[in-house]
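Contents: one structure, followed by commentary.
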Amino acid sequence: MNKCFMAIIILLSIGVPACSQISPQLSPTDTVMVTLAPSVEPTKLLDTTNCFYVEASSEMTAAADQVQSALKSDKIDVINTSARGDGRNYVCPNVGTSIFTSSQTTLSITLKVDALDDLNALGQLTGKVLDNLISLPAQTVPHWQDGQIQINFTSGSDSRNLVFLAAFGVAQRAKGLDGATLWQALNNQPCSTQTIQDSDTDLSSQIQAALNKIGVSGISITVVVDSIQCVNPQDGTVESYSAQKTTFNFNLSVSDLKDQEANGNTAAQAVAALAGVAKTDIPGDQPAVVSFDFNDGSTQQLNSIDYNQIMNAYQSGSKGAELYILITSQN
């Protein structure tokens, strides 16, 4: 039994509610396609009602074996294959074991070729690999078209690598590209756009220091930035990055969630510290957001408000119950 599995069982036994990475399946009728490893059969239908999961990665040996078998049947000289999935590891009390299901699978394939400088031949071989993958039943390698394909061509002691997004390769094949034309397209594919969320530790530290300086306790701050980046699928380098929106997350310890006057004054202290950060230093093209998580130790109340709205209210002298009502009326 692995450590993740043990940790989940402990959480279940003490009744801790599910969090963002350990979550119950809510639908009583959900059935998902899962990958059992190791297994002779790479996939199986299983009811995951009332299961818990953690985000995980796993080698998918059975899937890799079936890919290799299909390629060899097409007279392709395969040295080895591997498949690695990124997805969820389910823990199902009714099954009594952990089960991995992939939502994005990366395939690595090593092929033996006569020459590494014959780009037409390498492109034709790549096309045959794609054709075989496309013809496989979807459950054989779950979600491989959402992942990446890495082909290592070897000749003697030399090698040449080709890495591309599976969906992009399938799209080029659908256009009829083959040989050198396909090779060129796959080696000049556009970067892949990704939405990410990063912690801005510098801004967090500035605001926390401002709170400490005025002697405020019971308030903590975490700043996160939603961004878009474009990643080169061949080497993983970030070709472009654009910050979209910053969210200031304040956690406020309060005595009574019903005490609007006191809670509004606590929120005003948080905004006072935030006001010390120059607006030009806030990342993102979209308006920033300020989130207030009022916590009395047993219950939480989370509210968000536009940065400019809360700042204008504070600078106009709003505090206490007036400020609290403004914050809590937003959602």
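Chain labels follow the order of the structure tokens: the first chain is A, the next B, and so on; residue numbering restarts at 1 in every chain, and ligands are counted from 1 in their shown order.
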List every residue of region 61-154 of chain A that DSSP, applied to the backbone, labels as strand (DSSP E or B), and write the result as a ChimeraX atom specification. /A:78-92,97-112,148-154
Using 6 Å as the limit and counting only C-alpha atoms, can you tabulate each residue of region 218-315 of chain A that touches region 185-200 of chain A, with its shortest atom-to-atom distance in Å and the two atoms involved, as a Markdown table?
| residue | atom | partner | partner_atom | distance |
| --- | --- | --- | --- | --- |
| A:Val223 | CA | A:Asp200 | CA | 5.3 |
| A:Val224 | CA | A:Ser199 | CA | 4.4 |
| A:Val225 | CA | A:Asp198 | CA | 5.3 |
| A:Asp226 | CA | A:Gln197 | CA | 4.5 |
| A:Ser227 | CA | A:Ile196 | CA | 5.4 |
| A:Ile228 | CA | A:Thr195 | CA | 4.6 |
| A:Gln229 | CA | A:Gln194 | CA | 5.4 |
| A:Cys230 | CA | A:Thr193 | CA | 4.3 |
| A:Val231 | CA | A:Cys191 | CA | 5.0 |
| A:Asn232 | CA | A:Cys191 | CA | 4.5 |
Those same residues, written as an mmCIF file, in the first residue's frame with N, CA and C atoms?
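again.cif, freshly written:
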data_model
loop_
_atom_site.group_PDB
_atom_site.id
_atom_site.type_symbol
_atom_site.label_atom_id
_atom_site.label_comp_id
_atom_site.auth_asym_id
_atom_site.auth_seq_id
_atom_site.Cartn_x
_atom_site.Cartn_y
_atom_site.Cartn_z
ATOM 1 N N VAL A 223 -1.097 36.134 -2.237
ATOM 2 C CA VAL A 223 -1.388 36.769 -3.523
ATOM 3 C C VAL A 223 -1.153 35.755 -4.637
ATOM 4 N N VAL A 224 -2.141 35.571 -5.494
ATOM 5 C CA VAL A 224 -1.997 34.653 -6.622
ATOM 6 C C VAL A 224 -2.261 35.408 -7.918
ATOM 7 N N VAL A 225 -1.563 34.989 -8.968
ATOM 8 C CA VAL A 225 -1.679 35.634 -10.271
ATOM 9 C C VAL A 225 -2.082 34.595 -11.302
ATOM 10 N N ASP A 226 -3.221 34.809 -11.954
ATOM 11 C CA ASP A 226 -3.643 33.972 -13.072
ATOM 12 C C ASP A 226 -2.952 34.482 -14.328
ATOM 13 N N SER A 227 -2.296 33.573 -15.060
ATOM 14 C CA SER A 227 -1.508 33.970 -16.224
ATOM 15 C C SER A 227 -1.710 32.996 -17.369
ATOM 16 N N ILE A 228 -1.297 33.427 -18.548
ATOM 17 C CA ILE A 228 -1.291 32.579 -19.728
ATOM 18 C C ILE A 228 0.140 32.507 -20.245
ATOM 19 N N GLN A 229 0.620 31.300 -20.478
ATOM 20 C CA GLN A 229 1.942 31.138 -21.048
ATOM 21 C C GLN A 229 1.882 30.191 -22.238
ATOM 22 N N CYS A 230 2.817 30.358 -23.157
ATOM 23 C CA CYS A 230 2.879 29.495 -24.328
ATOM 24 C C CYS A 230 4.190 28.717 -24.259
ATOM 25 N N VAL A 231 4.078 27.391 -24.234
ATOM 26 C CA VAL A 231 5.228 26.526 -24.001
ATOM 27 C C VAL A 231 5.608 25.776 -25.269
ATOM 28 N N ASN A 232 6.887 25.799 -25.586
ATOM 29 C CA ASN A 232 7.399 25.023 -26.714
ATOM 30 C C ASN A 232 7.308 23.546 -26.350
#
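Between CA of Val113 (chain A) and CA of Thr181 (chain A) the interatomic distance comes to 18.6 Å.
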Between A:Asn249, A:Thr280, A:Thr110, A:Gln309, which residue has the minimum interatomic distance to Phe294 (chain A), considering only C-alpha atoms?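 Comparing A:Asn249, A:Thr280, A:Thr110, A:Gln309 against Phe294 (chain A), the winner is A:Asn249.
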Identify, on the basis of only C-alpha atoms, every residue whose closest approach to Val216 (chain A) does not exceed 10 Å; exclude the query and any residue fewer than 3 positions from it along the same chain; express the result as JSON, numbers by chain. {"A": [208, 209, 210, 211, 212, 213, 219, 220, 266, 269, 270, 273]}
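You can rank A:Ile76, A:Ala174, A:Ala272, A:Leu257 by their closest distance to Asn295 (chain A) using only C-alpha atoms, and at the top of that list sits A:Leu257.
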Distance of CA of Leu71 (chain A) from CA of Leu136 (chain A), expressed in Å to one decimal place: 10.6 Å
Between CA of Ser155 (chain A) and CA of Lys112 (chain A) lies a distance of 6.0 Å
I'd like to know which residues of region 157-257 of chain A are alpha helix (DSSP H) (by DSSP, run on the backbone); could you write them as a PyMOL selection string? chain A and resi 166-174+179-187+201-213
With C-alpha atoms retained, export the selected residues as an mmCIF file, in the first residue's frame.
data_model
loop_
_atom_site.group_PDB
_atom_site.id
_atom_site.type_symbol
_atom_site.label_atom_id
_atom_site.label_comp_id
_atom_site.auth_asym_id
_atom_site.auth_seq_id
_atom_site.Cartn_x
_atom_site.Cartn_y
_atom_site.Cartn_z
ATOM 1 C CA ALA A 166 -0.397 14.395 -30.072
ATOM 2 C CA ALA A 167 -3.419 16.466 -31.099
ATOM 3 C CA PHE A 168 -1.239 18.594 -33.379
ATOM 4 C CA GLY A 169 0.239 15.487 -35.002
ATOM 5 C CA VAL A 170 -3.201 13.989 -35.584
ATOM 6 C CA ALA A 171 -4.380 17.260 -37.129
ATOM 7 C CA GLN A 172 -1.418 17.333 -39.555
ATOM 8 C CA ARG A 173 -2.039 13.724 -40.521
ATOM 9 C CA ALA A 174 -5.701 14.541 -41.163
ATOM 10 C CA GLY A 179 7.119 12.287 -45.377
ATOM 11 C CA ALA A 180 9.342 15.371 -45.264
ATOM 12 C CA THR A 181 6.313 17.689 -45.186
ATOM 13 C CA LEU A 182 4.969 16.019 -42.041
ATOM 14 C CA TRP A 183 8.443 16.025 -40.487
ATOM 15 C CA GLN A 184 8.820 19.749 -41.106
ATOM 16 C CA ALA A 185 5.372 20.543 -39.714
ATOM 17 C CA LEU A 186 5.980 18.582 -36.513
ATOM 18 C CA ASN A 187 9.346 20.258 -36.016
ATOM 19 C CA THR A 201 5.510 35.877 -2.831
ATOM 20 C CA ASP A 202 6.976 39.382 -3.206
ATOM 21 C CA LEU A 203 3.589 41.096 -3.053
ATOM 22 C CA SER A 204 2.446 38.777 -0.251
ATOM 23 C CA SER A 205 5.547 39.651 1.792
ATOM 24 C CA GLN A 206 5.095 43.399 1.222
ATOM 25 C CA ILE A 207 1.504 43.378 2.428
ATOM 26 C CA GLN A 208 2.216 41.052 5.363
ATOM 27 C CA ALA A 209 5.082 43.313 6.421
ATOM 28 C CA ALA A 210 2.740 46.316 6.309
ATOM 29 C CA LEU A 211 0.267 44.470 8.558
ATOM 30 C CA ASN A 212 3.025 43.557 11.001
ATOM 31 C CA LYS A 213 4.330 47.134 11.044
#
So that I can check the surroundings of Leu162 (chain A), please list as a ChimeraX atom specification every protein, DNA and RNA residue that reaches within 8 Å of it, counting only C-alpha atoms and ignoring chain neighbours fewer than 2 positions away. /A:150-152,160,164,186-187,234
Skip Gln260 (chain A) itself and residues of its chain fewer than 6 positions away, then list as a PyMOL selection string all residues within 8 Å of it, counting only C-alpha atoms. chain A and resi 320-321+324-325
With C-alpha atoms kept, could you save the residues just selected as a PDB file, in the first residue's frame?
ATOM      1  CA  GLY A 320     -16.985  48.979  10.234  1.00  0.00           C
ATOM      2  CA  ALA A 321     -20.416  47.606   9.361  1.00  0.00           C
ATOM      3  CA  TYR A 324     -18.478  44.747   5.882  1.00  0.00           C
ATOM      4  CA  ILE A 325     -21.878  45.003   4.180  1.00  0.00           C
TER       5      ILE A 325
END
Go through A:Asp77, A:Asp65, A:Asp131, A:Glu55 one by one, measure the shortest atom-to-atom distance of each to Phe100 (chain A) using only C-alpha atoms, and give the residue with the smallest value.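 Counting only C-alpha atoms, the residue closest to Phe100 (chain A) is A:Glu55.
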Looking at only C-alpha atoms, which of A:Ser329, A:Ser58, A:Asn161, A:Ser217 is the one that sits closest to Thr101 (chain A)?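 Ranking A:Ser329, A:Ser58, A:Asn161, A:Ser217 by distance to Thr101 (chain A), first place goes to A:Ser58.
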For Asp74 (chain A): contacts at 12 Å, only C-alpha atoms, fewer than 3 positions along chain excluded, given as an mmCIF file with N, CA and C atoms, in the first residue's frame:
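Below is the file around.cif, written as the result:
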data_model
loop_
_atom_site.group_PDB
_atom_site.id
_atom_site.type_symbol
_atom_site.label_atom_id
_atom_site.label_comp_id
_atom_site.auth_asym_id
_atom_site.auth_seq_id
_atom_site.Cartn_x
_atom_site.Cartn_y
_atom_site.Cartn_z
ATOM 1 N N VAL A 67 0.622 -0.723 -27.562
ATOM 2 C CA VAL A 67 1.128 0.161 -28.616
ATOM 3 C C VAL A 67 2.282 -0.518 -29.339
ATOM 4 N N GLN A 68 3.199 -1.100 -28.586
ATOM 5 C CA GLN A 68 4.349 -1.767 -29.195
ATOM 6 C C GLN A 68 3.904 -2.935 -30.071
ATOM 7 N N SER A 69 2.931 -3.688 -29.614
ATOM 8 C CA SER A 69 2.428 -4.819 -30.375
ATOM 9 C C SER A 69 1.814 -4.361 -31.692
ATOM 10 N N ALA A 70 1.054 -3.253 -31.649
ATOM 11 C CA ALA A 70 0.423 -2.742 -32.864
ATOM 12 C C ALA A 70 1.463 -2.268 -33.871
ATOM 13 N N LEU A 71 2.500 -1.593 -33.395
ATOM 14 C CA LEU A 71 3.546 -1.100 -34.289
ATOM 15 C C LEU A 71 4.333 -2.246 -34.918
ATOM 16 N N ASP A 77 10.050 -1.294 -36.824
ATOM 17 C CA ASP A 77 11.120 -1.828 -35.985
ATOM 18 C C ASP A 77 11.155 -1.061 -34.664
ATOM 19 N N VAL A 78 10.420 -1.574 -33.676
ATOM 20 C CA VAL A 78 10.295 -0.910 -32.376
ATOM 21 C C VAL A 78 11.309 -1.493 -31.401
ATOM 22 N N LEU A 125 7.698 7.320 -41.470
ATOM 23 C CA LEU A 125 7.625 6.416 -40.323
ATOM 24 C C LEU A 125 6.779 7.040 -39.206
ATOM 25 N N LYS A 128 3.192 6.584 -40.041
ATOM 26 C CA LYS A 128 2.711 5.237 -39.763
ATOM 27 C C LYS A 128 2.435 5.043 -38.271
ATOM 28 N N VAL A 129 3.292 5.628 -37.433
ATOM 29 C CA VAL A 129 3.063 5.547 -35.989
ATOM 30 C C VAL A 129 1.733 6.208 -35.630
ATOM 31 N N LEU A 130 1.506 7.396 -36.170
ATOM 32 C CA LEU A 130 0.247 8.101 -35.896
ATOM 33 C C LEU A 130 -0.954 7.309 -36.391
ATOM 34 N N ASP A 131 -0.841 6.724 -37.584
ATOM 35 C CA ASP A 131 -1.949 5.943 -38.128
ATOM 36 C C ASP A 131 -2.298 4.775 -37.213
ATOM 37 N N ASN A 132 -1.282 4.119 -36.686
ATOM 38 C CA ASN A 132 -1.526 2.992 -35.780
ATOM 39 C C ASN A 132 -2.173 3.448 -34.484
ATOM 40 N N LEU A 133 -1.718 4.568 -33.933
ATOM 41 C CA LEU A 133 -2.311 5.075 -32.697
ATOM 42 C C LEU A 133 -3.767 5.464 -32.916
ATOM 43 N N SER A 135 -5.818 4.238 -35.005
ATOM 44 C CA SER A 135 -6.658 3.057 -35.241
ATOM 45 C C SER A 135 -6.910 2.241 -33.978
#
Could you check which of A:Asn308, A:Thr106, A:Gln145, A:Gln330 is closest to Pro287 (chain A), using only C-alpha atoms?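 Looking only at the distances to Pro287 (chain A), the closest residue turns out to be A:Asn308.
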From A:Leu326, A:Leu107, A:Ala56, A:Leu252, residue lying nearest Val141 (chain A) [only C-alpha atoms]: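 Residue with the minimum atom-to-atom distance to Val141 (chain A): A:Leu107.
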Mind checking which residues fall within 9 Å of Thr328 (chain A), counting only C-alpha atoms, ignoring those fewer than 4 positions away in the same chain, and posting them as a ChimeraX atom specification? /A:292,301-305,323-324
